[in-house]
file run32.cif (mmCIF, C-alpha atoms)
data_entry
#
loop_
_atom_site.label_atom_id
_atom_site.label_comp_id
_atom_site.auth_asym_id
_atom_site.auth_seq_id
_atom_site.Cartn_x
_atom_site.Cartn_y
_atom_site.Cartn_z
CA MET A 14 147.00 54.61 131.59
CA LEU A 15 143.99 52.29 131.90
CA ALA A 16 141.43 55.00 131.25
CA GLU A 17 143.50 56.12 128.28
CA LYS A 18 143.66 52.53 127.05
CA LEU A 19 139.86 52.25 127.27
CA PHE A 20 139.46 55.54 125.42
CA GLU A 21 141.84 54.41 122.69
CA GLN A 22 140.04 51.09 122.34
CA LEU A 23 136.67 52.83 121.92
CA ASN A 24 138.17 54.98 119.18
CA ASN A 25 139.80 51.99 117.50
CA ASP A 26 136.43 50.25 117.48
CA ASN A 27 134.98 53.29 115.69
CA ILE A 28 132.44 54.15 118.35
CA ILE A 29 132.03 57.61 116.84
CA ASN A 30 128.90 57.48 114.67
CA ALA A 31 128.05 53.94 115.82
CA GLY A 32 124.39 53.62 116.76
CA GLY A 33 121.90 51.36 118.49
CA THR A 34 118.31 51.38 119.76
CA ILE A 35 117.03 50.88 123.29
CA LYS A 36 114.30 48.24 123.30
CA PHE A 37 111.71 46.89 125.69
CA GLU A 38 109.05 44.23 125.21
CA LEU A 39 106.10 43.53 127.52
CA LEU A 40 102.89 41.57 126.83
CA GLY A 41 104.22 40.87 123.35
CA ILE A 42 104.38 44.57 122.52
CA LYS A 43 107.82 45.71 121.40
CA THR A 44 108.80 49.29 121.79
CA THR A 45 111.82 51.44 121.02
CA ILE A 46 112.57 53.85 123.83
CA LYS A 47 112.52 57.47 122.74
CA THR A 48 113.00 59.24 126.08
CA LYS A 49 116.42 60.84 126.04
CA SER A 50 116.78 61.02 129.82
CA VAL A 51 117.56 57.28 129.91
CA VAL A 52 120.46 57.45 127.44
CA GLY A 53 123.17 58.28 130.00
CA ASP A 54 122.35 55.30 132.20
CA VAL A 55 122.00 53.02 129.18
CA ILE A 56 125.43 53.96 127.79
CA GLN A 57 127.00 53.46 131.21
CA ASP A 58 125.48 49.96 131.50
CA TRP A 59 126.67 49.23 127.96
CA LEU A 60 130.20 50.42 128.81
CA THR A 61 130.33 47.89 131.66
CA GLU A 62 129.64 45.12 129.18
CA TYR A 63 132.15 46.60 126.73
CA MET A 64 134.91 46.55 129.34
CA LYS A 65 134.12 42.92 130.22
CA LYS A 66 134.28 41.89 126.56
CA ASN A 67 137.57 43.75 126.15
CA ALA A 68 139.12 42.33 129.33
CA ILE A 69 139.47 45.77 130.86
CA GLU A 70 139.31 45.14 134.59
CA PHE A 71 137.19 47.50 136.63
CA LYS A 72 135.43 47.79 139.94
CA PHE A 73 132.28 49.69 140.82
CA SER A 74 132.14 52.15 143.67
CA GLU A 75 130.86 50.43 146.79
CA HIS A 76 127.88 52.78 146.88
CA SER A 77 126.08 53.14 143.58
CA GLN A 78 125.29 56.81 144.15
CA LYS A 79 128.89 57.61 145.11
CA PHE A 80 131.81 58.93 143.15
CA PRO A 81 133.40 57.52 141.01
CA ASP A 82 131.38 55.34 138.66
CA PHE A 83 134.33 52.99 138.13
CA PHE A 84 137.80 52.22 139.38
CA LEU A 85 140.23 51.05 136.71
CA GLY A 86 143.11 49.86 138.85
CA ASN A 87 143.75 52.93 141.01
CA GLU A 88 142.36 55.32 138.40
CA LEU A 89 138.97 56.93 139.00
CA LEU A 90 136.57 57.07 136.09
CA GLU A 91 133.32 59.01 135.77
CA VAL A 92 131.05 58.49 132.76
CA LYS A 93 128.98 61.40 131.44
CA CYS A 94 126.69 61.81 128.45
CA PHE A 95 124.96 64.69 126.77
CA ASP A 96 122.68 65.37 123.81
CA VAL A 97 124.82 66.80 121.01
CA LYS A 98 121.98 69.18 120.09
CA LYS A 99 122.27 70.90 123.48
CA SER A 100 125.02 72.22 125.71
CA PRO A 101 126.45 69.68 128.15
CA ASN A 102 124.31 69.92 131.28
CA PHE A 103 125.42 66.93 133.35
CA ASP A 104 126.43 67.36 136.97
CA ILE A 105 130.17 67.10 137.54
CA ALA A 106 129.59 66.93 141.30
CA ASN A 107 127.64 68.51 144.11
CA PHE A 108 129.61 71.65 145.02
CA GLU A 109 129.60 71.36 148.81
CA SER A 110 130.18 67.58 148.91
CA TYR A 111 132.94 67.85 146.35
CA CYS A 112 134.83 70.52 148.29
CA GLY A 113 134.48 68.52 151.50
CA SER A 114 135.61 65.32 149.82
CA LEU A 115 138.81 66.84 148.38
CA LEU A 116 140.10 67.16 151.95
CA LYS A 117 139.94 63.37 152.35
CA SER A 118 140.32 62.29 148.74
CA PRO A 119 142.60 64.66 146.83
CA GLU A 120 142.92 61.89 144.20
CA ARG A 121 139.53 63.07 142.93
CA LEU A 122 141.39 65.97 141.32
CA ASP A 123 142.91 63.46 138.90
CA SER A 124 139.67 61.59 138.12
CA TYR A 125 139.01 60.88 134.49
CA TYR A 126 135.77 61.95 132.84
CA LEU A 127 134.82 59.80 129.88
CA ILE A 128 132.21 61.86 128.05
CA PHE A 129 129.91 60.75 125.24
CA SER A 130 127.87 63.11 123.12
CA TYR A 131 124.94 61.39 121.40
CA GLU A 132 122.18 62.18 118.96
CA MET A 133 118.82 60.43 118.93
CA ASN A 134 117.24 60.05 115.50
CA ASP A 135 113.78 61.63 115.50
CA VAL A 136 112.17 58.89 113.43
CA ASP A 137 113.53 55.51 114.50
CA HIS A 138 115.06 56.70 117.80
CA THR A 139 118.47 55.19 117.10
CA VAL A 140 121.05 56.58 119.52
CA TYR A 141 124.22 57.59 117.65
CA ILE A 142 127.44 58.35 119.48
CA ARG A 143 128.70 61.59 117.96
CA ASN A 144 131.90 62.17 119.92
CA ILE A 145 133.88 61.00 122.93
CA TRP A 146 136.37 62.78 125.17
CA LEU A 147 138.60 61.76 128.04
CA LYS A 148 139.15 64.73 130.32
CA LYS A 149 140.23 65.86 133.75
CA VAL A 150 137.91 68.05 135.81
CA TRP A 151 139.77 71.32 135.13
CA GLU A 152 139.50 70.69 131.39
CA ILE A 153 135.68 70.62 131.43
CA SER A 154 134.90 73.32 133.98
CA GLY A 155 135.50 77.02 133.81
CA PRO A 156 134.43 80.47 134.97
CA SER A 157 130.89 81.75 134.36
CA ASP A 158 128.69 84.72 134.98
CA GLY A 159 128.79 85.56 138.64
CA TRP A 160 131.08 82.78 139.88
CA PRO A 161 134.69 81.71 139.19
CA ILE A 162 133.27 78.27 138.32
CA LYS A 163 130.13 77.38 136.40
CA PHE A 164 127.46 76.09 138.76
CA GLN A 165 123.86 75.02 138.71
CA VAL A 166 122.28 77.80 140.78
CA LYS A 167 118.64 77.84 141.94
CA LYS A 168 117.18 80.71 143.93
CA GLY A 169 120.68 81.92 144.74
CA MET A 170 121.77 78.55 146.11
CA ILE A 171 124.62 76.60 144.51
CA TYR A 172 123.86 72.95 143.79
CA ASN A 173 126.17 71.27 141.31
CA ILE A 174 129.37 72.00 139.43
CA ARG A 175 128.42 72.05 135.76
CA PRO A 176 130.65 71.75 132.68
CA ASN A 177 131.55 74.54 130.29
CA THR A 178 131.59 73.99 126.52
CA TRP A 179 135.17 72.70 126.63
CA TYR A 180 135.14 71.63 122.95
CA SER A 181 134.23 75.06 121.64
CA GLU A 182 136.77 77.58 120.42
CA ARG A 183 134.38 80.43 120.99
CA THR A 184 133.87 80.76 124.70
CA LYS A 185 133.12 83.92 126.57
CA TYR A 186 135.47 82.98 129.40
CA LYS A 187 139.06 81.86 129.59
CA LYS A 188 139.44 78.15 130.21
CA PHE A 189 141.42 76.72 133.11
CA THR A 190 144.84 75.54 132.00
CA SER A 191 145.76 73.52 135.07
CA ARG A 192 144.51 71.60 138.10
CA LYS A 193 145.83 74.44 140.23
CA GLU A 194 143.71 77.12 138.51
CA PHE A 195 140.62 74.97 139.07
CA VAL A 196 141.39 74.48 142.78
CA TYR A 197 142.09 78.19 143.28
CA ALA A 198 138.79 79.04 141.61
CA LEU A 199 137.02 76.57 143.92
CA ALA A 200 138.75 78.24 146.90
CA GLU A 201 137.45 81.63 145.77
CA CYS A 202 133.89 80.25 145.56
CA ILE A 203 134.22 78.62 148.98
CA LYS A 204 135.24 81.96 150.44
CA ARG A 205 132.41 83.91 148.84
CA TYR A 206 129.58 81.41 149.38
CA PRO A 207 128.10 81.64 152.90
CA ALA A 208 127.36 77.91 153.25
CA THR A 209 131.02 76.99 152.59
CA ASN A 210 132.76 79.90 154.26
CA HIS A 211 133.53 77.65 157.26
CA LEU A 212 135.83 75.65 154.93
CA HIS A 213 137.63 78.84 153.97
CA LYS A 214 138.14 79.68 157.64
CA ALA A 215 139.47 76.17 158.22
CA ASN A 216 142.18 76.75 155.61
CA TRP A 217 140.62 74.56 152.91
CA LEU A 218 143.02 75.61 150.14
CA LYS A 219 146.15 74.94 152.19
CA GLU A 220 144.78 71.56 153.30
CA VAL A 221 143.98 70.47 149.75
CA GLU A 222 147.41 71.60 148.52
CA LEU A 223 149.13 69.63 151.27
CA GLY A 224 146.88 66.61 150.78
CA TYR A 225 147.59 66.46 147.06
CA GLN A 226 151.33 66.85 147.67
CA ARG A 227 151.35 64.09 150.28
CA LEU A 228 149.47 61.76 147.94
CA THR A 229 151.33 62.37 144.70
CA GLY A 230 154.63 63.98 145.65
CA ASN A 231 153.75 66.83 143.28
CA ASP A 232 152.41 70.32 143.72
CA LEU A 233 148.86 70.98 142.54
CA MET B 19 85.90 56.47 131.56
CA LEU B 20 88.85 56.26 129.13
CA ALA B 21 91.49 56.00 131.84
CA GLU B 22 89.36 53.37 133.53
CA LYS B 23 89.04 51.51 130.25
CA LEU B 24 92.84 51.53 129.82
CA PHE B 25 93.29 50.31 133.38
CA GLU B 26 90.78 47.50 132.83
CA GLN B 27 92.46 46.49 129.57
CA LEU B 28 95.87 46.27 131.26
CA ASN B 29 94.36 44.02 133.92
CA ASN B 30 92.58 41.87 131.32
CA ASP B 31 95.89 41.42 129.53
CA ASN B 32 97.38 40.17 132.80
CA ILE B 33 100.02 42.83 133.10
CA ILE B 34 100.52 41.96 136.76
CA ASN B 35 103.59 39.70 136.92
CA ALA B 36 104.32 40.16 133.23
CA GLY B 37 108.01 40.89 132.62
CA GLY B 38 110.47 42.08 130.02
CA THR B 39 114.09 43.21 129.71
CA ILE B 40 115.48 46.55 128.54
CA LYS B 41 118.09 45.98 125.85
CA PHE B 42 120.70 48.01 124.03
CA GLU B 43 123.26 46.98 121.42
CA LEU B 44 126.24 49.00 120.20
CA LEU B 45 129.37 47.87 118.31
CA GLY B 46 127.92 44.35 118.31
CA ILE B 47 127.85 44.22 122.11
CA LYS B 48 124.43 43.43 123.53
CA THR B 49 123.58 44.50 127.02
CA THR B 50 120.62 44.25 129.34
CA ILE B 51 120.04 47.46 131.23
CA LYS B 52 120.18 47.05 135.00
CA THR B 53 119.88 50.66 136.13
CA LYS B 54 116.51 51.04 137.80
CA SER B 55 116.27 54.79 137.31
CA VAL B 56 115.36 54.23 133.65
CA VAL B 57 112.40 51.94 134.35
CA GLY B 58 109.79 54.70 134.78
CA ASP B 59 110.58 56.30 131.43
CA VAL B 60 110.75 52.91 129.71
CA ILE B 61 107.33 51.84 131.00
CA GLN B 62 105.83 55.16 129.93
CA ASP B 63 107.24 54.76 126.40
CA TRP B 64 105.92 51.20 126.35
CA LEU B 65 102.47 52.38 127.46
CA THR B 66 102.34 54.73 124.48
CA GLU B 67 102.85 51.76 122.17
CA TYR B 68 100.32 49.70 124.14
CA MET B 69 97.65 52.37 123.70
CA LYS B 70 98.34 52.56 119.96
CA LYS B 71 98.02 48.78 119.62
CA ASN B 72 94.77 48.81 121.59
CA ALA B 73 93.29 51.74 119.67
CA ILE B 74 93.10 53.89 122.78
CA GLU B 75 93.36 57.43 121.49
CA PHE B 76 95.63 59.79 123.37
CA LYS B 77 97.51 63.03 123.02
CA PHE B 78 100.73 64.12 124.63
CA SER B 79 101.04 67.36 126.53
CA GLU B 80 102.34 70.07 124.25
CA HIS B 81 105.42 70.49 126.44
CA SER B 82 107.13 67.25 127.34
CA GLN B 83 108.06 68.43 130.82
CA LYS B 84 104.53 69.64 131.54
CA PHE B 85 101.60 68.06 133.28
CA PRO B 86 99.89 65.77 132.35
CA ASP B 87 101.77 62.98 130.56
CA PHE B 88 98.71 62.16 128.42
CA PHE B 89 95.27 63.37 127.54
CA LEU B 90 92.69 60.62 126.94
CA GLY B 91 89.85 62.62 125.47
CA ASN B 92 89.39 65.33 128.11
CA GLU B 93 90.78 63.14 130.89
CA LEU B 94 94.25 63.90 132.26
CA LEU B 95 96.56 60.96 132.87
CA GLU B 96 99.87 60.88 134.73
CA VAL B 97 102.01 57.73 134.70
CA LYS B 98 104.15 56.89 137.73
CA CYS B 99 106.36 53.94 138.62
CA PHE B 100 108.15 52.73 141.72
CA ASP B 101 110.35 49.87 142.85
CA VAL B 102 108.17 47.45 144.82
CA LYS B 103 111.05 46.87 147.26
CA LYS B 104 110.93 50.52 148.33
CA SER B 105 108.29 53.06 149.29
CA PRO B 106 106.86 55.06 146.40
CA ASN B 107 109.12 58.09 146.02
CA PHE B 108 107.95 59.63 142.75
CA ASP B 109 107.07 63.30 142.53
CA ILE B 110 103.35 63.97 142.28
CA ALA B 111 104.03 67.61 141.41
CA ASN B 112 106.14 70.59 142.41
CA PHE B 113 104.30 72.12 145.38
CA GLU B 114 104.41 75.79 144.40
CA SER B 115 103.72 75.22 140.70
CA TYR B 116 100.88 72.84 141.51
CA CYS B 117 99.15 75.32 143.83
CA GLY B 118 99.52 78.08 141.27
CA SER B 119 98.23 75.90 138.46
CA LEU B 120 95.04 74.89 140.30
CA LEU B 121 93.88 78.51 139.99
CA LYS B 122 93.94 78.22 136.22
CA SER B 123 93.41 74.48 135.80
CA PRO B 124 91.15 73.12 138.53
CA GLU B 125 90.66 70.04 136.31
CA ARG B 126 94.03 68.87 137.61
CA LEU B 127 92.22 67.89 140.80
CA ASP B 128 90.54 65.11 138.82
CA SER B 129 93.68 63.88 137.03
CA TYR B 130 94.20 60.16 136.98
CA TYR B 131 97.43 58.62 138.22
CA LEU B 132 98.21 55.28 136.61
CA ILE B 133 100.83 53.75 138.89
CA PHE B 134 103.00 50.71 138.24
CA SER B 135 105.07 48.96 140.89
CA TYR B 136 107.88 46.86 139.43
CA GLU B 137 110.59 44.52 140.57
CA MET B 138 113.88 44.05 138.76
CA ASN B 139 115.35 40.56 138.95
CA ASP B 140 118.86 40.71 140.44
CA VAL B 141 120.29 38.10 138.07
CA ASP B 142 118.86 38.62 134.59
CA HIS B 143 117.48 42.14 135.22
CA THR B 144 114.00 41.31 133.94
CA VAL B 145 111.54 44.02 134.95
CA TYR B 146 108.35 42.47 136.36
CA ILE B 147 105.20 44.53 136.86
CA ARG B 148 104.01 43.67 140.37
CA ASN B 149 100.90 45.81 140.69
CA ILE B 150 98.97 48.62 139.04
CA TRP B 151 96.62 51.23 140.44
CA LEU B 152 94.43 53.96 138.98
CA LYS B 153 94.06 56.75 141.51
CA LYS B 154 93.13 60.38 142.04
CA VAL B 155 95.59 62.71 143.76
CA TRP B 156 93.82 62.70 147.14
CA GLU B 157 93.96 58.90 147.19
CA ILE B 158 97.77 58.78 147.01
CA SER B 159 98.72 61.75 149.17
CA GLY B 160 98.26 62.26 152.87
CA PRO B 161 99.50 64.00 156.03
CA SER B 162 103.05 63.48 157.28
CA ASP B 163 105.38 64.56 160.04
CA GLY B 164 105.42 68.31 160.18
CA TRP B 165 103.07 69.10 157.30
CA PRO B 166 99.40 68.39 156.47
CA ILE B 167 100.67 66.85 153.19
CA LYS B 168 103.71 64.69 152.60
CA PHE B 169 106.41 66.67 150.81
CA GLN B 170 109.97 66.31 149.67
CA VAL B 171 111.71 68.78 151.98
CA LYS B 172 115.38 69.78 151.70
CA LYS B 173 117.01 72.22 154.12
CA GLY B 174 113.57 73.36 155.27
CA MET B 175 112.40 74.11 151.74
CA ILE B 176 109.44 72.30 150.20
CA TYR B 177 110.06 70.93 146.71
CA ASN B 178 107.61 68.26 145.58
CA ILE B 179 104.37 66.68 146.73
CA ARG B 180 105.21 63.03 147.43
CA PRO B 181 102.87 60.03 147.75
CA ASN B 182 102.01 58.22 150.95
CA THR B 183 101.84 54.41 151.09
CA TRP B 184 98.22 54.42 149.91
CA TYR B 185 98.09 50.61 149.52
CA SER B 186 99.07 49.91 153.10
CA GLU B 187 96.57 49.26 155.87
CA ARG B 188 99.09 50.24 158.50
CA THR B 189 99.73 53.92 158.13
CA LYS B 190 100.66 56.31 160.89
CA TYR B 191 98.37 59.00 159.52
CA LYS B 192 94.75 59.13 158.50
CA LYS B 193 94.27 59.08 154.73
CA PHE B 194 92.32 61.74 152.86
CA THR B 195 88.84 60.57 151.99
CA SER B 196 87.95 63.26 149.47
CA ARG B 197 89.21 65.84 147.02
CA LYS B 198 88.04 68.49 149.45
CA GLU B 199 90.19 67.22 152.33
CA PHE B 200 93.22 67.27 150.04
CA VAL B 201 92.57 70.85 148.90
CA TYR B 202 91.99 72.03 152.47
CA ALA B 203 95.28 70.42 153.54
CA LEU B 204 97.02 72.20 150.64
CA ALA B 205 95.45 75.48 151.77
CA GLU B 206 96.82 74.95 155.28
CA CYS B 207 100.33 74.35 153.87
CA ILE B 208 100.05 77.43 151.65
CA LYS B 209 99.18 79.51 154.69
CA ARG B 210 102.04 78.18 156.82
CA TYR B 211 104.80 78.16 154.19
CA PRO B 212 106.39 81.60 153.73
CA ALA B 213 107.01 81.26 149.98
CA THR B 214 103.31 80.56 149.30
CA ASN B 215 101.71 82.80 151.90
CA HIS B 216 100.96 85.37 149.18
CA LEU B 217 98.54 82.81 147.69
CA HIS B 218 96.81 82.51 151.05
CA LYS B 219 96.44 86.28 151.23
CA ALA B 220 95.02 86.27 147.70
CA ASN B 221 92.25 83.90 148.83
CA TRP B 222 93.65 80.79 147.12
CA LEU B 223 91.19 78.36 148.73
CA LYS B 224 88.11 80.36 147.77
CA GLU B 225 89.41 80.81 144.22
CA VAL B 226 90.05 77.09 143.76
CA GLU B 227 86.63 76.21 145.19
CA LEU B 228 84.94 78.63 142.81
CA GLY B 229 87.05 77.51 139.86
CA TYR B 230 86.22 73.86 140.41
CA GLN B 231 82.52 74.65 140.76
CA ARG B 232 82.51 76.74 137.60
CA LEU B 233 84.21 73.95 135.68
CA THR B 234 82.27 70.94 136.91
CA GLY B 235 79.07 72.29 138.41
CA ASN B 236 79.97 70.44 141.62
CA ASP B 237 81.45 71.45 144.95
CA LEU B 238 84.96 70.27 145.70
#

call {"tool": "encode", "arguments": {"input": "run32.cif", "output": "structure tokens"}}
result
Amino acid sequence: MLAEKLFEQLNNDNIINAGGTIKFELLGIKTTIKTKSVVGDVIQDWLTEYMKKNAIEFKFSEHSQKFPDFFLGNELLEVKCFDVKKSPNFDIANFESYCGSLLKSPERLDSYYLIFSYEMNDVDHTVYIRNIWLKKVWEISGPSDGWPIKFQVKKGMIYNIRPNTWYSERTKYKKFTSRKEFVYALAECIKRYPATNHLHKANWLKEVELGYQRLTGNDL
Amino acid sequence: MLAEKLFEQLNNDNIINAGGTIKFELLGIKTTIKTKSVVGDVIQDWLTEYMKKNAIEFKFSEHSQKFPDFFLGNELLEVKCFDVKKSPNFDIANFESYCGSLLKSPERLDSYYLIFSYEMNDVDHTVYIRNIWLKKVWEISGPSDGWPIKFQVKKGMIYNIRPNTWYSERTKYKKFTSRKEFVYALAECIKRYPATNHLHKANWLKEVELGYQRLTGNDL
């Protein structure tokens, strides 16, 4: 409810198509930042301030590098950004860590992803928010070439879970329609990938199903 | 000469201990950025503006992800930043790409590294420049545990060449004293590391020595 309230508030404030510039001054020389790789961190810092101003209570994760970015009450919230001119290429999570963590923290399956797409003006470098979404993990991931889930793969090794183009009608692959489909696809990857096969042998899928049931009282 | 001139100018302008904040405003909410991972990109964007204001002519690399960050005349300039409270952990270059590129571009051995250390104030998030250095690659790299050059190693695989603590008197390992020592240490790594052994077999060291001589008229 809290994440949804935040999302609604951002929409009510007309964040879509709102814009601002990132500025830095040193030795009396003012500059507008034009490097897009900073935009994600900048928007996340801005969102912190936005929540304070709107009396939306939040806590940070104890470890800054850890999941999630924010707790809103007992809801988990991750913030992601991508350049509207490209496909979303943010990391949803490291594959192996994520699978391991679901055994201890099945609540991660219900984490919210607050996603901003932005466009940076080529001339004055204003950052415009072009869209926002509030999603669950199975709504932004999906099958891909070679694997039941889209991954960042380098030299045959799986690194991160990457998003699909969830907002597009034209996708090559069927989208997941439930949390359960996502978890079953993860289980299939765990089985096939040598570095995670030990999880498969240790009954990972059964454990996650039971863990989620114990936590929520519901089936996956 | 141009990189040295830039370095001298920054010192003359008393950049050491100068400070500034990174700001962003959206929907009327002003925020000061406190995420340190953006500082390197912000300082590099600022430096661009600084060079323009000081009539120091520069060009960018044609590809933004490519080496070097800037050309000053025919001098190559890379800009690096690190948090003064930590050891420098920036990437000097990807190991395999760097070794390959020296065959075609031995001038990279004479690239300048303009390095800023910064401190971010915990309360108001002002970024203070604490020191600057202008260095060649062999002056900021050195031997480490396990390899003749300090690398970023993950699961036994070498990714990037990483700096040593060049400014410290107390270092466990001897520093390189010349370009030649650095190249010979690279050659030793190339020989020992399976993924680059083909370069060793193709006479990498000899080729780089000849290439550098052809380009500059000098031995390594």

call {"tool": "closest_atom_pairs", "arguments": {"input": "run32.cif", "of": "segment 48-157 of chain B", "to": "segment 161-182 of chain B", "cutoff": "12 Å", "atoms": "all atoms listed in the file", "output": "Markdown table"}}
result
| residue | atom | partner | partner_atom | distance |
| --- | --- | --- | --- | --- |
| B:Lys98 | CA | B:Pro181 | CA | 10.6 |
| B:Cys99 | CA | B:Pro181 | CA | 11.5 |
| B:Phe100 | CA | B:Pro181 | CA | 10.8 |
| B:Ser105 | CA | B:Asn182 | CA | 8.3 |
| B:Pro106 | CA | B:Pro181 | CA | 6.5 |
| B:Asn107 | CA | B:Arg180 | CA | 6.5 |
| B:Phe108 | CA | B:Arg180 | CA | 6.4 |
| B:Asp109 | CA | B:Arg180 | CA | 5.2 |
| B:Ile110 | CA | B:Ile179 | CA | 5.3 |
| B:Ala111 | CA | B:Ile179 | CA | 5.4 |
| B:Asn112 | CA | B:Asn178 | CA | 4.2 |
| B:Phe113 | CA | B:Asn178 | CA | 5.1 |
| B:Glu114 | CA | B:Tyr177 | CA | 7.8 |
| B:Ser115 | CA | B:Asn178 | CA | 9.3 |
| B:Tyr116 | CA | B:Ile179 | CA | 8.8 |
| B:Cys117 | CA | B:Ile179 | CA | 10.5 |
| B:Tyr131 | CA | B:Pro181 | CA | 11.1 |
| B:Ile133 | CA | B:Pro181 | CA | 11.0 |
| B:Lys153 | CA | B:Pro181 | CA | 11.3 |
| B:Lys154 | CA | B:Pro181 | CA | 11.3 |
| B:Val155 | CA | B:Pro181 | CA | 8.7 |
| B:Trp156 | CA | B:Pro181 | CA | 9.5 |
| B:Glu157 | CA | B:Asn182 | CA | 8.9 |

call {"tool": "resolve_selection", "arguments": {"input": "run32.cif", "expression": "the PyMOL selection byres ((chain A) within 8 of (chain B))", "output": "MDAnalysis selection string"}}
result
chainID A and resid 26 28 31:40 42:48 50:51 54:55 58:59 62:63

call {"tool": "atom_distance", "arguments": {"input": "run32.cif", "atom1": "atom CA of Val226 of chain B", "atom2": "atom CA of Leu120 of chain B"}}
result
6.5 Å

call {"tool": "atom_distance", "arguments": {"input": "run32.cif", "atom1": "atom CA of Phe83 of chain A", "atom2": "atom CA of Cys202 of chain A"}}
result
28.3 Å

call {"tool": "atom_distance", "arguments": {"input": "run32.cif", "atom1": "atom CA of Pro81 of chain A", "atom2": "atom CA of Thr184 of chain A"}}
result
28.4 Å

call {"tool": "resolve_selection", "arguments": {"input": "run32.cif", "expression": "the PyMOL selection byres ((chain A and resi 218) around 10)", "output": "list in words"}}
result
Cys112, Leu115, Leu116, Val196, Tyr197, Leu199, Ala200, Glu201, Ile203, Leu212, His213, Lys214, Ala215, Asn216, Trp217, Lys219, Glu220, Val221, Glu222, Leu223 and Gly224 of chain A

call {"tool": "build_atoms", "arguments": {"input": "run32.cif", "residues": "segment 229-233 of chain A", "atoms": "all heavy atoms", "output": "PDB file, keeping the file's coordinate frame"}}
result
ATOM      1  N   THR A 229     150.702  62.559 146.014  1.00  0.00           N
ATOM      2  CA  THR A 229     151.330  62.370 144.700  1.00  0.00           C
ATOM      3  C   THR A 229     152.807  62.737 144.677  1.00  0.00           C
ATOM      4  O   THR A 229     153.512  62.386 143.732  1.00  0.00           O
ATOM      5  CB  THR A 229     150.625  63.247 143.641  1.00  0.00           C
ATOM      6  OG1 THR A 229     150.841  64.631 143.989  1.00  0.00           O
ATOM      7  CG2 THR A 229     149.138  62.969 143.584  1.00  0.00           C
ATOM      8  N   GLY A 230     153.261  63.470 145.683  1.00  0.00           N
ATOM      9  CA  GLY A 230     154.630  63.980 145.650  1.00  0.00           C
ATOM     10  C   GLY A 230     154.792  65.210 144.775  1.00  0.00           C
ATOM     11  O   GLY A 230     155.883  65.766 144.669  1.00  0.00           O
ATOM     12  N   ASN A 231     153.684  65.646 144.167  1.00  0.00           N
ATOM     13  CA  ASN A 231     153.750  66.830 143.280  1.00  0.00           C
ATOM     14  C   ASN A 231     152.908  67.972 143.831  1.00  0.00           C
ATOM     15  O   ASN A 231     151.959  67.762 144.584  1.00  0.00           O
ATOM     16  CB  ASN A 231     153.201  66.492 141.890  1.00  0.00           C
ATOM     17  CG  ASN A 231     154.001  65.388 141.243  1.00  0.00           C
ATOM     18  OD1 ASN A 231     155.230  65.387 141.287  1.00  0.00           O
ATOM     19  ND2 ASN A 231     153.298  64.426 140.665  1.00  0.00           N
ATOM     20  N   ASP A 232     153.267  69.185 143.413  1.00  0.00           N
ATOM     21  CA  ASP A 232     152.410  70.320 143.720  1.00  0.00           C
ATOM     22  C   ASP A 232     151.152  70.225 142.870  1.00  0.00           C
ATOM     23  O   ASP A 232     151.132  69.539 141.855  1.00  0.00           O
ATOM     24  CB  ASP A 232     153.142  71.644 143.384  1.00  0.00           C
ATOM     25  CG  ASP A 232     154.260  71.898 144.380  1.00  0.00           C
ATOM     26  OD1 ASP A 232     154.226  71.322 145.486  1.00  0.00           O
ATOM     27  OD2 ASP A 232     155.182  72.680 144.033  1.00  0.00           O
ATOM     28  N   LEU A 233     150.142  70.954 143.304  1.00  0.00           N
ATOM     29  CA  LEU A 233     148.860  70.980 142.540  1.00  0.00           C
ATOM     30  C   LEU A 233     149.140  71.264 141.073  1.00  0.00           C
ATOM     31  O   LEU A 233     149.927  72.125 140.753  1.00  0.00           O
ATOM     32  CB  LEU A 233     147.950  72.083 143.093  1.00  0.00           C
ATOM     33  CG  LEU A 233     146.995  71.747 144.224  1.00  0.00           C
ATOM     34  CD1 LEU A 233     146.107  72.951 144.475  1.00  0.00           C
ATOM     35  CD2 LEU A 233     146.164  70.519 143.965  1.00  0.00           C
TER      36      LEU A 233
END
